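Participant: One structure follows; several queries about it will come next.
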Amino acid sequence: MHNKTIAELVQILHNKEISSVELTQHFLQRIKTYDPVLNSFITITEKRALADAELADKKFANNKAGPLTGIPIAHKDILCTKDIKTSCGSKMLDNFISPYDATIVKKLSDAGTVLLGKLNMDEFAMGSSNEHSYYGPVKNPWDLETVPGGSSGGSSAAVAARLVPAATGTDTGGSIRQPAALTGITGIKPTYGRASRFGMIAFASSLDQAGPMTQTAEDAAIMLNAMVGFDPKDSTSVEEPVPDFTATLNDSIKGLRIGLPKEYFIDKLDPKIGDIIHKAANELQKLGATLHEISLPNTNLAISVYYIIAPAECSSNLARYDGVRFGYRCKDPKDLTDLYERSRGETFGDEVKHRIMLGTYVLSAGYYDAYYIKAQRIRHLISNDFKNAFKKVDVILGPTTPTTAFKFNSRKDRINMYLSDMFTVNTSLAGLPGMSLPAGMLDGLPVGMQLTGNYFKEARLLNIAHQYQQITDWHKQMPKDFA
């Protein structure tokens, strides 16, 4: 059953070939068997999962089941879940039990999903490798000596190893797309404001966006249908009509104009990955799409801009963790200053401390104009690059990452680590929808292809990805040790 997609499992459940309780037990057993190796889960909610499954079976018995009823999923541990620990991968929140559900959690629960647990992640979503979790690193099921990507590495590893049919992730600068690419699954980051951020622990508020991580584009469309929509609790939520993302999956892509940015095919990209991406583009051309070279001239500035804006926002957002209101509190503080310093110093990891310090620096008097304001101006130029490109093409295609999954502890230089996101951050800075899907294999490791669309054009991306997955089988590949 674990090899089945959500679409296939829905049909099996509706046909009563298996009960939701039996399906849930199957995945719980896989988690118990394989997760000690992967470390993809922080919390396993077995009791809650079986209760959810029993409720789902009652809905099937009463013919009240929906498209996701009885489907087991897991949430990235950045999304608040009522009465369940929400740690954000940090010692700071190791004792935090959320009193409420994030909007996305509630939406998926209302849709009838079964909650298997909470997934490991880089601390406060800061990382590209999932090496920065208080609960230890997550391993890539394709090669246990390599990283699964980050910060949604627990989500990507769990889906790739078929411990869950689907998971939620969040994407600030590529944290859905990059781990999806490194583990050979499908992940989509919707347009900024499309999915509610209420109850999602903030890293960088102008960038964070949640999305699904699944085996296929069809599954992602099914999940996205339940996840998005206007939320009055989120001031950044956009009142935009939500289409049925599954309705256009089978539309023809004949005449679709696909842009290949010349700035993506550079010397920092592994040339073998470049070849795989061009072959994938040619497959879409066979389906009737046309290929066009385009330019996104400010792409080379995106990493620098992102690593000014994101740390600036994180330094502000993480100021709330002070040992006073919730989370970790140091023992026997001498005074208020000691309470603040030790509570934060004893819990935050090195990467989080680094970004807080960097963000505080660029927001400080004398440097705010020189760094933060300048970065925001360049962010506007990056957004304009995309606007100009979408006057000529319908969608932009390129590699998701410059390399395949890399070895643990192999990128001690932060600059080299940050370059893992070189093709994903500009989409986030512009607030555009982007997705990654499997496009090939290189030396036994998956290669991801990235699609970027215009604002609120998630349906088009899912349509293109689905059409590609009808003529290829890269999304069906599975790590042999987890078959």
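By convention in this document, the chains of the structure tokens carry letters A, B, ... by their order, each chain's residues are numbered from 1, and ligands are numbered from 1 in the order they are shown.
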With a distance cut-off of 6 Å and only C-alpha atoms, select the neighbouring residues of range 78-84 of chain A, excluding the residue or stretch itself and same-chain residues fewer than 6 positions from it, and output the selection as an NGL selection string.
Facilitator: :A and (97-102 or 199-201)
Participant: Apply DSSP to the backbone of this structure and, from range 17-124 of chain A, keep only the residues in strand (DSSP E); write these as a PyMOL selection string.
Facilitator: chain A and resi 41-44+72-76+114-119
Participant: Which residue gives the smallest distance to Tyr135 in chain A among A:Ile12, A:Ile42, A:Leu163, A:Leu115, with only C-alpha atoms counted?
Facilitator: A:Ile42
Participant: Out of A:Tyr328, A:Phe482, A:Tyr371, A:Phe124, which residue has the shortest atom-to-atom distance to Val159 in chain A when counting only C-alpha atoms?
Facilitator: A:Phe482
Participant: So how many Å separate CA of Asp335 in chain A and CA of Ala319 in chain A, to one decimal?
Facilitator: 18.1 Å
